[in-house]
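Enquirer: Below is one structure. I have some questions about it.
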Amino acid sequence: MRRTGPLKLCLICGVVMIIQFFIPHRFSKNLFEEAVHWLIVCGVPALVIGYYSIFHVHWTKIRRKREGWGYSIIIFAAVIIVALIGFIWGIGEKSVFMKIYQYMTMTMQATMFSLLGFYMASAAFRSFKARTPEATLLLIVALVIMFGRVPIGESVFIKLKLPNLVEWVLMYPNMAAQRGIGLGVGLGIMATSLKIMLGIERGWLGGAGK
Amino acid sequence: MRYIKIIYLFFFAFPLFAQEVDTLPLTQEFAPPLDVRAFDTPNDAGRAITVQWNLSPDNSLLSGYEIYRSETPDTGYQYVGYMGRGISTFRDNRGVEDNTSYYYKVRGRTSTYEYSEFSPISSSVSSSSQWYHKGKTNVLIGLPLFIFLIFWAVFQAKMGKPLFIRKIAGLDSLEEAVGRATEMGKPVLYVPGLSAISDIATIASMNILSQVAKKTAEYNTPIIVPNRDPIVMSVAQEVVKEAAIEKGRPDYYNPDRVFYLTSSQFAYAAGVCGIMTREKPATNLFIGMFWAESLLLAETGNMTGAIQIAGTDAVTQLPFFVTACDYTIMGEELYAASAYLSKEPLLVGGIKGQDYNKLVIFMFLALGTIFGLLGNNFIINLFK
């Protein structure tokens, strides 16, 4: 039962969803929306498991005084303080809670995102070294694209019609490669879904798959 | 003096002004849109009616068209929508009830709110839900063919026929990567992507985690699996635990190493980057669905000197992984990974079936291109 139960459920749900795909009727639409709601509802108890995991990891770290255990205290303190602020002063638009979110959380997230700019530069520097013919081709194409996408490139190489060349590279060779990958991904998704539904692929079941 | 001015205006100026206005038309006359047709929107869940009309001959002078609806043909028309100049179709789904008769009429409007006459009234129409989507007939025909080819290949594999699968460098190097971590006495970091378990890429990642965890359990190399989704975490814990049991090392599984980090995208990226710089794993595996954080993770891993293998079906993130990782499992290879690693005949059969399907699609593409160039769009239309 531990093995066949999830597999049968998976097969039934999969077949129902395939049939649903071909039926535009409101009944079918409602069924799909209900399934999506169930997915969200199932996720909520899982969040408690997630929080338990965080608590367990950091509590063990503090208890055993592992390296960096002080940071775990900061995590607990942050969770408790922010939760208390939310409970006491509310989470309205001008509340302290929202200010913490806006001026601390958002700022820190923006900082992480901004790092991408520097990482892109370092990654580009490494990959654009013309060591092999392929890397040289990549370097040339990258330079053409970069120059063609900025106004200075357009004005300097106006006779070469660089923006048109860039557009062509993006629209044809680049798009062809992307569609090729997309086609493979689509088939892969369908085949994997089918294998999961039929119980051929069971790795995701963990212990129940045996 | 003031009274003289008023008398002058009353007797002379106003009649002159009035005469000038009389000679000008009050509003310019515009031709109305013609032939308004209303019909039940096809292949939908009901409560929607599509209205089409022929553009007004003065279309270029108008800014758009106003659409009116009523339940009786003569009176009670209410404004239901506006479409810009040159557009001759409107989908009405505001307060439409199924099995109720409606009538439509349309008029042109200029940017200065001058109007054309109303069009003739459409014939009566009512909406309804459909039980079959006619536009998906090609999928309905293609799906059994797809399933048949998969089954056929799986059957062949079951009968013991050897099936060839091309080499995938990224997957071949997994063993080497785990071996390197073992030799260095450092952990393996496995990032299962940032998507939910409902994403097939995440399920594929769990299948690969199962194979990787078996190897790490065999070599007794610690594996760290930080998660962004609690459900994915639960599945990952189960997968690693089972792999440890299968390799006869139940004590290998440590729930504190397969843990939930955070649901916030960049906080997760920061957390994983922190793990990479602190724990210095010898091997980083980024397998699943990734977004903007892909380069943050891969570049940090590159700086720590770890051997890195990435696998994703996110086309936009592939260049970042190709740049910063040693091996990249691209697109469909991600879904072939568990079959490739386990060498299980049934799974390998599935991959082969996938290849047969690809061949069929390639044939249609080639035929569609040839016929399209010859001016026959029959094959192209099959896929619309």
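Scheme for the structure tokens: letters A, B, ... for chains in order shown; per-chain residue numbers from 1; ligand numbers from 1 in order shown.
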Kindly determine which residues of chain B lie within 6 Å of chain A, considering only C-alpha atoms, and give the answer as a PyMOL selection string.

Expert: chain B and resi 43-45+129-133+206-207+230-231+238-239+242+256+259-260+266+323+331-332+335

Enquirer: Could you name the residues that touch B:Arg69 at 8 Å or less, counting only C-alpha atoms, but leaving out those on the same chain fewer than 5 positions away, as a PyMOL selection string?

Expert: chain B and resi 76-80+102-105

Enquirer: Those selected residues, please, written with C-alpha atoms and delivered as a short mmCIF file (atom, residue, chain, number, x, y, z; two decimals), in the first residue's frame.

Expert:
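Output file out.cif follows:
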data_model
loop_
_atom_site.label_atom_id
_atom_site.label_comp_id
_atom_site.auth_asym_id
_atom_site.auth_seq_id
_atom_site.Cartn_x
_atom_site.Cartn_y
_atom_site.Cartn_z
CA GLY B 76 -31.62 48.95 -23.34
CA TYR B 77 -28.21 49.00 -25.00
CA GLN B 78 -25.33 49.40 -22.56
CA TYR B 79 -21.72 50.18 -23.25
CA VAL B 80 -19.59 47.03 -22.77
CA TYR B 102 -27.96 39.23 -26.53
CA TYR B 103 -27.86 41.81 -29.34
CA TYR B 104 -24.89 43.99 -30.22
CA LYS B 105 -24.29 47.22 -32.07
#

Enquirer: As number ranges by chain, list the residues of stretch 11-153 of chain B assigned to strand (DSSP E or B) by DSSP on the backbone atoms of this structure.

Expert: B: 34-40, 49-54, 64-70, 78-84, 89-92, 98, 102-109, 115-118, 125, 127

Enquirer: The selected residues should be written to file as a PDB file, in the first residue's frame (atoms: C-alpha atoms).

Expert:
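The new file out_21.pdb reads:
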ATOM      1  CA  LEU B  34     -20.947  47.539 -40.863  1.00  0.00           C
ATOM      2  CA  ASP B  35     -22.056  43.932 -40.703  1.00  0.00           C
ATOM      3  CA  VAL B  36     -21.815  43.305 -36.947  1.00  0.00           C
ATOM      4  CA  ARG B  37     -21.615  39.595 -36.241  1.00  0.00           C
ATOM      5  CA  ALA B  38     -21.857  38.126 -32.739  1.00  0.00           C
ATOM      6  CA  PHE B  39     -21.244  34.466 -31.920  1.00  0.00           C
ATOM      7  CA  ASP B  40     -20.517  32.269 -28.937  1.00  0.00           C
ATOM      8  CA  ILE B  49     -19.395  36.229 -26.764  1.00  0.00           C
ATOM      9  CA  THR B  50     -17.170  37.318 -29.632  1.00  0.00           C
ATOM     10  CA  VAL B  51     -18.279  40.347 -31.629  1.00  0.00           C
ATOM     11  CA  GLN B  52     -16.849  41.117 -35.073  1.00  0.00           C
ATOM     12  CA  TRP B  53     -17.596  43.948 -37.478  1.00  0.00           C
ATOM     13  CA  ASN B  54     -16.388  45.416 -40.739  1.00  0.00           C
ATOM     14  CA  GLY B  64     -11.760  53.399 -32.063  1.00  0.00           C
ATOM     15  CA  TYR B  65     -15.075  51.618 -31.711  1.00  0.00           C
ATOM     16  CA  GLU B  66     -17.570  51.446 -28.855  1.00  0.00           C
ATOM     17  CA  ILE B  67     -19.461  48.195 -28.389  1.00  0.00           C
ATOM     18  CA  TYR B  68     -22.991  48.134 -26.916  1.00  0.00           C
ATOM     19  CA  ARG B  69     -25.055  45.166 -25.745  1.00  0.00           C
ATOM     20  CA  SER B  70     -28.710  44.605 -24.942  1.00  0.00           C
ATOM     21  CA  GLN B  78     -25.331  49.402 -22.563  1.00  0.00           C
ATOM     22  CA  TYR B  79     -21.718  50.176 -23.245  1.00  0.00           C
ATOM     23  CA  VAL B  80     -19.589  47.026 -22.768  1.00  0.00           C
ATOM     24  CA  GLY B  81     -16.255  47.836 -24.300  1.00  0.00           C
ATOM     25  CA  TYR B  82     -13.988  49.848 -26.573  1.00  0.00           C
ATOM     26  CA  MET B  83     -11.501  48.688 -29.183  1.00  0.00           C
ATOM     27  CA  GLY B  84      -8.883  50.845 -30.899  1.00  0.00           C
ATOM     28  CA  THR B  89     -12.998  41.945 -32.942  1.00  0.00           C
ATOM     29  CA  PHE B  90     -14.118  42.202 -29.320  1.00  0.00           C
ATOM     30  CA  ARG B  91     -14.508  39.455 -26.725  1.00  0.00           C
ATOM     31  CA  ASP B  92     -17.338  40.312 -24.365  1.00  0.00           C
ATOM     32  CA  ASP B  98     -25.060  31.488 -20.588  1.00  0.00           C
ATOM     33  CA  TYR B 102     -27.961  39.235 -26.525  1.00  0.00           C
ATOM     34  CA  TYR B 103     -27.858  41.806 -29.341  1.00  0.00           C
ATOM     35  CA  TYR B 104     -24.893  43.991 -30.216  1.00  0.00           C
ATOM     36  CA  LYS B 105     -24.289  47.222 -32.075  1.00  0.00           C
ATOM     37  CA  VAL B 106     -21.103  49.200 -32.609  1.00  0.00           C
ATOM     38  CA  ARG B 107     -20.276  52.826 -33.353  1.00  0.00           C
ATOM     39  CA  GLY B 108     -17.098  54.691 -34.183  1.00  0.00           C
ATOM     40  CA  ARG B 109     -15.606  57.335 -31.893  1.00  0.00           C
ATOM     41  CA  TYR B 115     -19.465  59.622 -32.920  1.00  0.00           C
ATOM     42  CA  SER B 116     -20.571  57.860 -36.040  1.00  0.00           C
ATOM     43  CA  GLU B 117     -24.051  56.436 -36.410  1.00  0.00           C
ATOM     44  CA  PHE B 118     -24.635  53.032 -34.834  1.00  0.00           C
ATOM     45  CA  VAL B 125     -26.629  35.277 -29.808  1.00  0.00           C
ATOM     46  CA  SER B 127     -23.074  31.849 -24.922  1.00  0.00           C
TER      47      SER B 127
END

Enquirer: Would you work out the distance separating atom CA of A:Leu162 from atom CA of B:Ala292, expressed in Å to one decimal?

Expert: 28.7 Å

Enquirer: I'd like to know which of A:Ile74, A:Lys159, A:Ile85, A:Leu139 is closest to A:Trp59, using only C-alpha atoms.

Expert: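 Nearest to A:Trp59: A:Ile74.
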
Enquirer: Kindly give the distance, in Å, that separates atom CA of A:Leu31 and atom CA of B:Phe146, rounded to a single decimal.

Expert: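 Pair atom CA of A:Leu31 / atom CA of B:Phe146 returns 25.7 Å.
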
Enquirer: Stretch 88-134 of chain A: which residues are alpha helix (DSSP H) by DSSP, as a ChimeraX atom specification?

Expert: /A:88-89,96-100,106-127,133-134

Enquirer: Do a neighbour search on B:Gln156 at 10 Å with only C-alpha atoms, toss out local chain neighbours closer than 5 positions, and write the hits as a list of chain:residue names.

Expert: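 Those residues are B:Ile150, B:Phe151, B:Lys161, B:Pro162, B:Leu163, B:Pro345, B:Leu346, B:Gly349, B:Lys352, B:Gly353.
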
Enquirer: Determine the nearest neighbour of A:Phe76 from the options A:Ile62, A:Met17, A:Leu198, A:Ile158, counting only C-alpha atoms.

Expert: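 With only C-alpha atoms as the atom set, the closest residue is A:Ile62.
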
Enquirer: Quick one: residues within 10 Å of B:Gly305, only C-alpha atoms, excluding same-chain residues fewer than 5 positions away - as a list in words?

Expert: Met276, Lys280, Pro281, Ala282, Thr283, Asn284, Glu299 and Thr300 of chain B

Enquirer: As an exercise, work out the distance from atom CA of B:Pro319 to atom CA of A:Leu138 in Å and give it to one decimal place.

Expert: 11.5 Å

Enquirer: Name the residues in contact with stretch 217-225 of chain B at a cut-off of 10 Å, using only C-alpha atoms, excluding same-chain residues fewer than 4 positions from it; report them as a PyMOL selection string.

Expert: chain B and resi 178-179+181-192+209+211-213+233+236-237+240-241+243-261+272+275+279+281+283-285
